[in-house]
file start.txt (compact mmCIF, C-alpha atoms and all ligand atoms)
# COMPACT_ATOMS: atom_id res chain seq x y z
CA MET A 1244 102.42 123.25 133.45
CA SER A 1245 101.03 122.89 129.98
CA ASP A 1246 98.46 125.34 128.64
CA ILE A 1247 97.72 123.00 125.75
CA PRO A 1248 94.46 121.08 126.15
CA ASP A 1249 94.36 117.31 126.03
CA ARG A 1250 92.92 116.30 122.64
CA LEU A 1251 92.23 113.00 120.97
CA LEU A 1252 93.25 113.74 117.39
CA LEU A 1253 90.96 111.79 115.08
CA GLY A 1254 90.74 114.39 112.34
CA SER A 1255 92.54 114.67 109.03
CA GLY A 1256 95.89 115.28 110.75
CA PRO A 1257 97.81 115.89 112.88
CA SER A 1258 97.28 112.47 114.42
CA PRO A 1259 98.05 111.31 117.99
CA VAL A 1260 101.77 111.59 118.73
CA PRO A 1261 102.94 108.80 121.07
CA ARG A 1262 104.82 109.68 124.25
CA ARG A 1263 107.95 107.99 122.88
CA VAL A 1264 107.96 110.39 119.95
CA LEU A 1265 107.34 113.43 122.16
CA ASP A 1266 110.21 112.31 124.41
CA ALA A 1267 112.47 111.98 121.38
CA LEU A 1268 111.47 115.49 120.30
CA ALA A 1269 112.41 116.82 123.72
CA GLN A 1270 115.99 115.53 123.59
CA PRO A 1271 118.69 118.20 123.67
CA THR A 1272 119.10 120.20 120.51
CA ILE A 1273 122.53 119.68 118.96
CA GLY A 1274 124.11 121.18 115.87
CA HIS A 1275 122.80 120.17 112.45
CA LEU A 1276 126.39 119.33 111.37
CA ASP A 1277 127.29 117.43 114.56
CA PRO A 1278 128.41 113.86 113.75
CA ALA A 1279 125.90 112.58 116.31
CA PHE A 1280 123.12 114.27 114.37
CA VAL A 1281 124.47 112.88 111.09
CA GLU A 1282 123.90 109.41 112.55
CA VAL A 1283 120.31 110.34 113.32
CA MET A 1284 119.87 111.59 109.74
CA GLU A 1285 121.27 108.38 108.27
CA GLU A 1286 119.02 106.16 110.34
CA CYS A 1287 116.05 108.34 109.52
CA ALA A 1288 116.77 108.18 105.77
CA ALA A 1289 117.23 104.39 105.89
CA LEU A 1290 113.94 103.94 107.76
CA LEU A 1291 112.20 106.22 105.29
CA ARG A 1292 113.50 104.14 102.37
CA SER A 1293 111.92 101.02 103.78
CA THR A 1294 108.71 102.89 104.62
CA PHE A 1295 108.36 104.15 101.04
CA GLY A 1296 109.46 100.75 99.69
CA THR A 1297 112.31 102.19 97.69
CA GLN A 1298 116.02 101.85 97.10
CA ASN A 1299 116.31 105.48 95.95
CA PRO A 1300 119.44 106.97 97.52
CA VAL A 1301 117.76 110.38 97.52
CA THR A 1302 115.18 109.74 100.23
CA PHE A 1303 115.01 112.17 103.14
CA PRO A 1304 112.62 114.51 104.96
CA VAL A 1305 112.35 117.96 103.38
CA SER A 1306 112.40 120.65 106.09
CA ALA A 1307 108.85 121.80 105.43
CA THR A 1308 105.31 120.49 105.76
CA GLY A 1309 103.82 118.12 103.17
CA SER A 1310 103.20 121.08 100.85
CA GLY A 1311 106.96 121.67 100.83
CA GLY A 1312 107.34 118.12 99.53
CA MET A 1313 104.90 119.01 96.75
CA GLN A 1314 106.88 122.17 95.94
CA THR A 1315 110.14 120.18 95.89
CA MET A 1316 108.58 117.80 93.37
CA VAL A 1317 107.25 120.58 91.16
CA ASP A 1318 110.39 122.71 91.23
CA ASN A 1319 112.90 119.94 90.61
CA LEU A 1320 111.15 117.55 88.25
CA ILE A 1321 109.02 119.77 86.04
CA GLU A 1322 110.08 122.50 83.65
CA PRO A 1323 107.99 125.23 82.03
CA GLY A 1324 106.11 123.86 79.04
CA ASP A 1325 106.14 120.24 80.25
CA ARG A 1326 102.80 118.54 79.76
CA VAL A 1327 101.65 117.08 83.07
CA VAL A 1328 98.50 115.03 83.52
CA VAL A 1329 97.00 115.52 86.98
CA GLY A 1330 94.32 113.33 88.51
CA VAL A 1331 91.84 115.59 90.26
CA ALA A 1332 89.17 114.04 92.46
CA GLY A 1333 89.67 116.14 95.57
CA LEU A 1334 91.37 119.17 97.03
CA PHE A 1335 94.93 117.88 96.87
CA GLY A 1336 94.70 117.15 93.16
CA VAL A 1337 93.38 120.70 92.68
CA ARG A 1338 96.35 122.05 94.64
CA MET A 1339 98.91 120.14 92.64
CA ALA A 1340 97.38 121.38 89.36
CA ASP A 1341 97.65 124.93 90.72
CA ALA A 1342 101.30 124.49 91.77
CA LEU A 1343 102.18 123.02 88.37
CA ARG A 1344 100.48 125.86 86.48
CA ARG A 1345 102.46 128.37 88.53
CA ARG A 1346 105.59 126.53 87.39
CA GLY A 1347 104.50 127.06 83.78
CA ALA A 1348 103.58 123.44 83.08
CA ASP A 1349 100.99 122.56 80.47
CA VAL A 1350 98.52 120.97 82.88
CA VAL A 1351 95.90 118.52 81.66
CA THR A 1352 93.49 117.52 84.41
CA VAL A 1353 91.58 114.27 84.53
CA GLU A 1354 88.63 115.12 86.71
CA GLY A 1355 86.54 112.69 88.73
CA GLU A 1356 83.83 112.66 91.35
CA TRP A 1357 85.05 113.63 94.82
CA GLY A 1358 84.93 110.44 96.90
CA ARG A 1359 85.86 108.09 94.06
CA ALA A 1360 89.17 106.84 92.65
CA LEU A 1361 89.91 107.76 89.03
CA PRO A 1362 89.80 104.89 86.51
CA VAL A 1363 93.40 103.97 85.67
CA GLU A 1364 92.54 103.79 81.92
CA ARG A 1365 91.42 107.42 81.91
CA LEU A 1366 94.73 108.55 83.41
CA VAL A 1367 96.77 106.36 81.08
CA ASP A 1368 94.83 107.55 78.00
CA ALA A 1369 95.28 111.19 78.97
CA ALA A 1370 99.02 110.67 79.40
CA ALA A 1371 99.36 108.77 76.12
CA ALA A 1372 99.55 112.00 74.11
CA GLY A 1373 103.18 112.62 75.05
CA ALA A 1374 102.91 113.75 78.68
CA ARG A 1375 106.17 114.25 80.51
CA ALA A 1376 104.61 113.38 83.85
CA LEU A 1377 101.51 111.86 85.39
CA PHE A 1378 100.68 113.00 88.91
CA VAL A 1379 98.21 111.36 91.27
CA VAL A 1380 97.23 111.68 94.91
CA HIS A 1381 97.43 108.18 96.37
CA GLY A 1382 95.42 109.01 99.49
CA GLU A 1383 92.98 111.87 98.85
CA THR A 1384 92.54 113.17 102.40
CA SER A 1385 89.72 115.49 101.35
CA THR A 1386 87.48 112.59 100.30
CA GLY A 1387 88.80 109.37 101.85
CA ALA A 1388 89.38 107.70 98.47
CA CYS A 1389 92.50 105.78 97.51
CA GLN A 1390 93.85 106.02 93.97
CA PRO A 1391 95.23 102.71 92.64
CA LEU A 1392 98.80 103.16 91.41
CA GLU A 1393 99.25 99.85 89.60
CA GLY A 1394 99.24 100.25 85.84
CA LEU A 1395 100.19 103.94 85.84
CA ALA A 1396 103.97 103.65 85.47
CA GLY A 1397 105.16 104.08 81.92
CA ALA A 1398 102.06 106.04 80.83
CA ALA A 1399 104.23 109.17 80.95
CA GLU A 1400 107.97 109.66 81.37
CA LEU A 1401 107.48 110.22 85.11
CA LEU A 1402 104.97 108.91 87.63
CA LEU A 1403 104.69 111.33 90.56
CA VAL A 1404 102.75 110.54 93.73
CA ASP A 1405 101.39 112.39 96.77
CA CYS A 1406 101.31 109.83 99.58
CA VAL A 1407 100.96 112.29 102.46
CA THR A 1408 98.10 110.39 104.08
CA SER A 1409 98.85 106.87 102.86
CA LEU A 1410 102.51 106.48 103.91
CA GLY A 1411 102.69 104.02 106.79
CA GLY A 1412 98.92 103.41 106.84
CA HIS A 1413 97.85 102.06 103.47
CA SER A 1414 99.61 99.49 101.34
CA LEU A 1415 102.23 101.29 99.23
CA ASN A 1416 105.50 100.34 97.58
CA ILE A 1417 107.02 103.10 95.52
CA ASP A 1418 109.53 100.95 93.60
CA ALA A 1419 107.03 98.15 92.93
CA VAL A 1420 104.51 100.53 91.35
CA GLY A 1421 107.27 102.24 89.37
CA ALA A 1422 106.81 105.71 90.83
CA ASP A 1423 109.67 108.10 90.05
CA ALA A 1424 109.12 110.43 92.99
CA ALA A 1425 106.80 110.78 95.96
CA PHE A 1426 106.25 113.08 98.91
CA ALA A 1427 104.52 112.54 102.24
CA GLY A 1428 103.89 114.19 105.59
CA THR A 1429 104.84 113.23 109.11
CA GLN A 1430 101.57 114.15 110.84
CA LYS A 1431 99.33 111.43 109.43
CA CYS A 1432 100.04 107.69 109.71
CA LEU A 1433 103.60 108.16 110.99
CA ASN A 1434 102.30 109.91 114.15
CA ALA A 1435 105.08 112.49 114.28
CA PRO A 1436 104.43 116.21 114.65
CA PRO A 1437 103.83 118.21 111.45
CA GLY A 1438 106.79 120.02 109.89
CA LEU A 1439 108.68 117.54 107.72
CA ALA A 1440 107.93 116.13 104.28
CA PRO A 1441 109.42 112.68 103.61
CA PHE A 1442 110.52 112.73 99.98
CA THR A 1443 111.99 110.23 97.56
CA VAL A 1444 113.17 110.55 93.97
CA ARG A 1445 114.74 108.19 91.47
CA ASP A 1446 118.33 109.03 90.47
CA GLY A 1447 119.10 111.05 87.38
CA ILE A 1448 115.82 112.88 86.80
CA VAL A 1449 116.35 116.09 88.75
CA LYS A 1450 116.33 119.37 86.77
CA ASP A 1451 117.43 122.84 87.78
CA SER A 1452 115.19 124.29 90.48
CA PRO A 1453 113.84 127.84 90.21
CA SER A 1454 113.54 128.06 93.99
CA TRP A 1455 116.49 128.35 96.30
CA TYR A 1456 115.04 126.68 99.37
CA PHE A 1457 113.64 123.62 97.57
CA ASP A 1458 116.65 123.09 95.29
CA LEU A 1459 117.16 119.32 95.60
CA ALA A 1460 120.77 119.35 94.41
CA ALA A 1461 121.69 121.76 97.19
CA VAL A 1462 119.57 120.10 99.89
CA VAL A 1463 120.93 116.67 99.02
CA GLY A 1464 124.40 118.14 99.38
CA TYR A 1465 123.53 118.49 103.04
CA TRP A 1466 121.62 115.23 103.47
CA SER A 1467 124.12 112.91 101.76
CA ALA A 1468 127.68 111.90 102.62
CA GLU A 1469 128.58 112.19 98.90
CA GLY A 1470 127.33 115.78 98.95
CA GLY A 1471 129.88 116.51 101.69
CA ARG A 1472 127.17 117.46 104.22
CA SER A 1473 127.59 121.05 103.24
CA TYR A 1474 125.44 123.58 105.02
CA HIS A 1475 122.25 124.51 103.19
CA HIS A 1476 119.82 125.41 105.97
CA THR A 1477 119.64 124.69 109.69
CA ALA A 1478 117.75 121.42 109.82
CA PRO A 1479 114.92 121.20 112.38
CA VAL A 1480 116.95 118.70 114.39
CA ASN A 1481 114.35 117.96 117.06
CA LEU A 1482 111.73 117.19 114.43
CA VAL A 1483 114.17 114.76 112.83
CA TYR A 1484 114.66 113.03 116.22
CA ALA A 1485 110.88 112.74 116.46
CA LEU A 1486 110.52 111.37 112.95
CA ARG A 1487 113.26 108.80 113.53
CA GLU A 1488 111.49 107.55 116.65
CA ALA A 1489 108.13 107.47 114.86
CA LEU A 1490 109.67 105.43 112.03
CA ARG A 1491 111.25 103.04 114.52
CA ILE A 1492 107.78 102.43 115.92
CA VAL A 1493 106.43 101.82 112.40
CA HIS A 1494 109.10 99.21 111.74
CA GLU A 1495 108.80 97.55 115.14
CA GLU A 1496 105.20 96.78 114.18
CA GLY A 1497 106.15 95.96 110.58
CA LEU A 1498 104.68 97.66 107.52
CA GLU A 1499 102.43 94.81 106.44
CA ALA A 1500 101.03 94.39 109.94
CA ARG A 1501 100.49 98.12 110.18
CA TRP A 1502 98.63 98.29 106.89
CA ALA A 1503 96.47 95.35 107.99
CA ARG A 1504 95.69 97.07 111.30
CA HIS A 1505 94.64 100.24 109.48
CA ALA A 1506 92.38 98.20 107.18
CA ARG A 1507 90.76 96.50 110.15
CA ALA A 1508 90.39 99.75 112.12
CA HIS A 1509 88.80 101.42 109.10
CA ALA A 1510 86.30 98.59 108.56
CA ALA A 1511 85.40 98.42 112.25
CA LEU A 1512 84.78 102.15 112.48
CA ARG A 1513 82.82 102.17 109.22
CA ASP A 1514 80.50 99.52 110.67
CA ALA A 1515 80.08 101.41 113.94
CA LEU A 1516 79.35 104.73 112.25
CA ARG A 1517 76.89 103.06 109.90
CA VAL A 1518 74.86 102.05 112.98
CA LEU A 1519 74.72 105.77 113.80
CA GLY A 1520 73.43 106.61 110.31
CA LEU A 1521 76.76 107.77 108.90
CA GLU A 1522 77.46 106.04 105.58
CA ARG A 1523 80.91 106.01 104.02
CA LEU A 1524 81.41 108.23 100.99
CA ALA A 1525 83.91 106.02 99.14
CA PRO A 1526 82.55 102.78 97.70
CA GLU A 1527 83.97 99.46 98.89
CA GLY A 1528 87.35 98.85 97.29
CA GLU A 1529 88.09 102.55 96.76
CA GLN A 1530 88.44 103.52 100.43
CA LEU A 1531 91.56 105.06 101.91
CA ASN A 1532 92.06 103.13 105.13
CA PRO A 1533 93.62 106.02 107.09
CA LEU A 1534 90.71 108.39 106.42
CA LEU A 1535 87.04 107.53 106.82
CA ALA A 1536 84.79 110.15 105.22
CA VAL A 1537 81.08 109.70 105.99
CA ARG A 1538 77.97 111.45 104.73
CA VAL A 1539 76.16 113.63 107.25
CA PRO A 1540 72.47 112.66 107.59
CA ASP A 1541 69.90 115.30 106.60
CA GLY A 1542 69.10 117.69 109.40
CA VAL A 1543 72.38 117.21 111.26
CA ASP A 1544 74.49 120.34 111.77
CA GLU A 1545 77.91 118.76 111.33
CA ALA A 1546 79.81 121.89 112.38
CA ALA A 1547 77.91 121.95 115.70
CA VAL A 1548 78.68 118.26 116.25
CA ARG A 1549 82.39 118.84 115.61
CA THR A 1550 82.52 121.83 117.92
CA ALA A 1551 80.83 119.93 120.75
CA LEU A 1552 83.10 116.95 120.24
CA LEU A 1553 86.17 119.15 120.40
CA LEU A 1554 85.27 121.50 123.22
CA GLU A 1555 83.24 119.17 125.43
CA ASP A 1556 84.60 115.71 124.65
CA GLY A 1557 88.15 116.72 123.69
CA ILE A 1558 87.96 114.81 120.40
CA GLU A 1559 88.94 116.37 117.09
CA ILE A 1560 87.38 115.18 113.84
CA ALA A 1561 87.34 117.11 110.58
CA GLY A 1562 84.70 118.66 108.38
CA ALA A 1563 84.96 118.57 104.62
CA LEU A 1564 86.16 120.99 101.99
CA GLY A 1565 85.05 122.26 98.59
CA PRO A 1566 81.91 120.62 97.21
CA LEU A 1567 81.67 118.27 100.21
CA ALA A 1568 81.71 121.04 102.85
CA GLY A 1569 78.82 120.65 105.30
CA LYS A 1570 77.85 117.28 103.83
CA VAL A 1571 80.68 115.06 105.01
CA LEU A 1572 82.61 114.38 108.20
CA ARG A 1573 86.17 113.07 108.00
CA VAL A 1574 87.62 110.80 110.65
CA GLY A 1575 91.31 109.97 110.81
CA VAL A 1576 92.26 106.31 111.21
CA MET A 1577 95.95 107.06 111.48
CA GLY A 1578 98.62 105.18 113.41
CA GLU A 1579 97.79 105.35 117.13
CA GLY A 1580 94.32 106.61 116.19
CA ALA A 1581 93.69 103.30 114.42
CA ARG A 1582 93.16 101.38 117.66
CA PRO A 1583 90.07 100.19 119.53
CA GLU A 1584 90.29 102.51 122.55
CA PRO A 1585 90.33 105.89 120.75
CA GLN A 1586 87.66 104.64 118.38
CA GLU A 1587 85.45 103.59 121.31
CA ARG A 1588 85.75 107.07 122.76
CA LEU A 1589 84.74 108.59 119.45
CA VAL A 1590 81.84 106.22 118.83
CA THR A 1591 80.49 106.81 122.35
CA ALA A 1592 80.71 110.58 122.00
CA LEU A 1593 79.20 110.60 118.51
CA ALA A 1594 76.34 108.30 119.54
CA ARG A 1595 75.47 110.72 122.33
CA ARG A 1596 75.72 113.79 120.11
CA LEU A 1597 73.67 112.22 117.32
CA GLY A 1598 71.20 110.41 119.58
CA GLY A 1599 72.13 107.03 118.09
CA ASP A 1600 72.22 103.55 119.59
CA GLU A 1601 75.51 103.67 121.50
CA ARG A 1602 75.47 100.00 122.54
CA ALA A 1603 74.82 98.73 119.03
CA ALA A 1604 77.50 101.01 117.58
CA LEU A 1605 80.08 99.86 120.15
CA ASP A 1606 79.13 96.23 119.48
CA ALA A 1607 79.67 96.79 115.75
CA LEU A 1608 83.06 98.33 116.49
CA ALA A 1609 84.09 95.40 118.70
CA ALA A 1610 82.86 92.89 116.13
CA GLY A 1611 84.90 94.66 113.44
CA TRP A 1612 88.03 94.46 115.57
CA SER A 1613 87.58 90.80 116.37
CA ALA A 1614 86.73 89.83 112.78
C1 LIG B 1701 97.00 114.40 100.47
C2 LIG B 1701 97.67 115.63 101.04
N1 LIG B 1701 98.58 116.26 100.29
C3 LIG B 1701 99.22 117.36 100.76
C4 LIG B 1701 98.96 117.86 102.01
C5 LIG B 1701 99.66 119.08 102.48
O1 LIG B 1701 100.39 118.81 103.63
P1 LIG B 1701 100.71 119.94 104.72
O2 LIG B 1701 99.38 120.41 105.26
O3 LIG B 1701 101.53 119.20 105.74
O4 LIG B 1701 101.45 121.03 104.04
C6 LIG B 1701 98.01 117.23 102.82
C7 LIG B 1701 97.68 117.75 104.16
O5 LIG B 1701 96.69 117.41 104.75
C8 LIG B 1701 97.35 116.08 102.31
O6 LIG B 1701 96.44 115.44 103.06
call {"tool": "encode", "arguments": {"input": "start.txt", "output": "structure tokens"}}
result
Amino acid sequence: MSDIPDRLLLGSGPSPVPRRVLDALAQPTIGHLDPAFVEVMEECAALLRSTFGTQNPVTFPVSATGSGGMQTMVDNLIEPGDRVVVGVAGLFGVRMADALRRRGADVVTVEGEWGRALPVERLVDAAAAGARALFVVHGETSTGACQPLEGLAGAAELLLVDCVTSLGGHSLNIDAVGADAAFAGTQKCLNAPPGLAPFTVRDGIVKDSPSWYFDLAAVVGYWSAEGGRSYHHTAPVNLVYALREALRIVHEEGLEARWARHARAHAALRDALRVLGLERLAPEGEQLNPLLAVRVPDGVDEAAVRTALLLEDGIEIAGALGPLAGKVLRVGVMGEGARPEPQERLVTALARRLGGDERAALDALAAGWSA
């Protein structure tokens, strides 16, 4: 008997985990050096390479949440005194700037309005003055804006990307955009449980790490055959089973088809929520398909709406953070959440909570899906 309530996860992550992935997670735990597990690791790494769109041999899931991917990037690619330009138009840009300052980097922020993408020229100009690295958040989960990556490579020695929320849900090809390293999370568009950080890095750019746990050279010694699969830490084997299964599902659908489905799901839900008086924060063309952030109409207590949705309707959506707190609701459009049925449940529940025209909102949703 489970004491965990049944929830429809349409917040900022975690996202709905399919039964196939939960079943994979529940397979017997075996040793992290067992040859049978090594096969799982290899398949997982290969699937991750194609999901990132990269040939980088060093592509694997860091045994940590998305933030551990960020720490791996900071510790192994940046040295004290390095000038790093950071695009900041939301919470995750703020966090990266903080992590880089703690590393002793000379951080130059390019700040923008929360809910907008940063103009590529501003980032390139800021990096032109001899920056070692340029860091951007591809999918800013705190605002629902997507940062274009084209045109950024070459502005600094390294282009570093957070694609925690975009991987598997928004068009992305790490090698094509010339990114040198990227990290992601498993609990967004991949629909696996939280706890692993898919990571990729181009060969030959790794420096000495100040941290023991996130030392790439040592971790790769475990993840790669060339490294001799030497013990570094006890990998969370069941999470790796789950991620492998989640990635298989991604590739059964096909990346392009999956991105297109997320785009369609986003547009359909945007239209439905507009009928209920909830307007999208990001302007057209700057939206992050996996995350729809909408403005809360005056007089609506968004926290009360979220609480009622969660406790009475069993649906999780997210509030906002920082300057957007109380003013914006965030709805995940991630993997299995980016389908008509969960969206219908949400639209129905929201229409009732907000006193909106349920029929018209559902019609808009259906029209968006059949467009
Ligand atoms: C864009 C972005 N970066 C980093 C993170 C941090 O990931 P985690 O919470 O898994 O540590 C998140 C989590 O929501 C995120 O959305």
call {"tool": "closest_residue", "arguments": {"input": "start.txt", "among": "A:Leu1268, A:Leu1535, A:Ala1515, A:Ala1371", "to": "Val1590 in chain A", "atoms": "all atoms listed in the file"}}
result
A:Ala1515
call {"tool": "residues_around", "arguments": {"input": "start.txt", "residues": "range 1354-1365 of chain A", "least_positions_apart": "4", "cutoff": "8 Å", "atoms": "all atoms listed in the file", "output": "compact mmCIF listing (two decimals) with C-alpha atoms, keeping the file's coordinate frame"}}
result
# COMPACT_ATOMS: atom_id res chain seq x y z
CA GLY A 1330 94.32 113.33 88.51
CA VAL A 1331 91.84 115.59 90.26
CA ALA A 1332 89.17 114.04 92.46
CA GLY A 1333 89.67 116.14 95.57
CA ALA A 1369 95.28 111.19 78.97
CA THR A 1386 87.48 112.59 100.30
CA GLY A 1387 88.80 109.37 101.85
CA ALA A 1388 89.38 107.70 98.47
CA CYS A 1389 92.50 105.78 97.51
CA GLN A 1390 93.85 106.02 93.97
CA PRO A 1391 95.23 102.71 92.64
CA LEU A 1392 98.80 103.16 91.41
CA GLY A 1394 99.24 100.25 85.84
CA LEU A 1395 100.19 103.94 85.84
CA LEU A 1524 81.41 108.23 100.99
CA ALA A 1525 83.91 106.02 99.14
CA PRO A 1526 82.55 102.78 97.70
CA GLU A 1529 88.09 102.55 96.76
CA LEU A 1567 81.67 118.27 100.21
call {"tool": "residues_near_ligand", "arguments": {"input": "start.txt", "ligand": "ligand LIG 1701 (chain B)", "cutoff": "10 Å", "atoms": "only C-alpha atoms and all ligand atoms", "output": "PyMOL selection string"}}
result
chain A and resi 1255-1257+1307-1314+1333-1336+1338-1339+1379-1387+1404-1409+1426-1431+1436-1440+1534
call {"tool": "write_last_selection", "arguments": {"input": "start.txt", "atoms": "C-alpha atoms", "output": "short mmCIF file (atom, residue, chain, number, x, y, z; two decimals), in the frame of the given file"}}
result
data_model
loop_
_atom_site.label_atom_id
_atom_site.label_comp_id
_atom_site.auth_asym_id
_atom_site.auth_seq_id
_atom_site.Cartn_x
_atom_site.Cartn_y
_atom_site.Cartn_z
CA SER A 1255 92.54 114.67 109.03
CA GLY A 1256 95.89 115.28 110.75
CA PRO A 1257 97.81 115.89 112.88
CA ALA A 1307 108.85 121.80 105.43
CA THR A 1308 105.31 120.49 105.76
CA GLY A 1309 103.82 118.12 103.17
CA SER A 1310 103.20 121.08 100.85
CA GLY A 1311 106.96 121.67 100.83
CA GLY A 1312 107.34 118.12 99.53
CA MET A 1313 104.90 119.01 96.75
CA GLN A 1314 106.88 122.17 95.94
CA GLY A 1333 89.67 116.14 95.57
CA LEU A 1334 91.37 119.17 97.03
CA PHE A 1335 94.93 117.88 96.87
CA GLY A 1336 94.70 117.15 93.16
CA ARG A 1338 96.35 122.05 94.64
CA MET A 1339 98.91 120.14 92.64
CA VAL A 1379 98.21 111.36 91.27
CA VAL A 1380 97.23 111.68 94.91
CA HIS A 1381 97.43 108.18 96.37
CA GLY A 1382 95.42 109.01 99.49
CA GLU A 1383 92.98 111.87 98.85
CA THR A 1384 92.54 113.17 102.40
CA SER A 1385 89.72 115.49 101.35
CA THR A 1386 87.48 112.59 100.30
CA GLY A 1387 88.80 109.37 101.85
CA VAL A 1404 102.75 110.54 93.73
CA ASP A 1405 101.39 112.39 96.77
CA CYS A 1406 101.31 109.83 99.58
CA VAL A 1407 100.96 112.29 102.46
CA THR A 1408 98.10 110.39 104.08
CA SER A 1409 98.85 106.87 102.86
CA PHE A 1426 106.25 113.08 98.91
CA ALA A 1427 104.52 112.54 102.24
CA GLY A 1428 103.89 114.19 105.59
CA THR A 1429 104.84 113.23 109.11
CA GLN A 1430 101.57 114.15 110.84
CA LYS A 1431 99.33 111.43 109.43
CA PRO A 1436 104.43 116.21 114.65
CA PRO A 1437 103.83 118.21 111.45
CA GLY A 1438 106.79 120.02 109.89
CA LEU A 1439 108.68 117.54 107.72
CA ALA A 1440 107.93 116.13 104.28
CA LEU A 1534 90.71 108.39 106.42
#
call {"tool": "atom_distance", "arguments": {"input": "start.txt", "atom1": "CA of Gly1575 in chain A", "atom2": "CA of Leu1253 in chain A"}}
result
4.7 Å
call {"tool": "residues_around", "arguments": {"input": "start.txt", "residues": "range 1453-1470 of chain A", "least_positions_apart": "3", "cutoff": "9 Å", "atoms": "only C-alpha atoms", "output": "list in words"}}
result
Leu1276, Val1281, Met1284, Glu1285, Ala1288, Pro1300, Val1301, Phe1303, Val1305, Gly1311, Gly1312, Gln1314, Thr1315, Met1316, Asp1318, Asn1319, Arg1346, Val1449, Lys1450, Ser1473, Tyr1474, His1475 and His1476 of chain A
call {"tool": "residues_near_point", "arguments": {"input": "start.txt", "point": "(82.2, 100.8, 114.2)", "cutoff": "7 Å", "atoms": "all atoms listed in the file", "output": "PyMOL selection string"}}
result
chain A and resi 1511-1516+1604-1605+1607-1608+1611
call {"tool": "closest_residue", "arguments": {"input": "start.txt", "among": "A:Ala1503, A:Ile1448, A:Val1483, A:Leu1490", "to": "Trp1612 in chain A", "atoms": "all atoms listed in the file"}}
result
A:Ala1503
call {"tool": "atom_distance", "arguments": {"input": "start.txt", "atom1": "CA of Ala1510 in chain A", "atom2": "CA of Gly1565 in chain A"}}
result
25.7 Å
call {"tool": "closest_residue", "arguments": {"input": "start.txt", "among": "A:Val1574, A:Ala1489, A:Leu1265, A:Ala1603", "to": "Cys1287 in chain A", "atoms": "all atoms listed in the file"}}
result
A:Ala1489
call {"tool": "closest_residue", "arguments": {"input": "start.txt", "among": "A:Thr1302, A:Thr1297, A:Asn1434, A:Thr1591", "to": "Pro1259 in chain A", "atoms": "only C-alpha atoms"}}
result
A:Asn1434
call {"tool": "closest_residue", "arguments": {"input": "start.txt", "among": "A:Gly1421, A:Pro1479, A:Pro1441, A:Gly1411", "to": "Ala1396 in chain A", "atoms": "only C-alpha atoms"}}
result
A:Gly1421
call {"tool": "atom_distance", "arguments": {"input": "start.txt", "atom1": "CA of Arg1491 in chain A", "atom2": "CA of Phe1442 in chain A"}}
result
17.5 Å
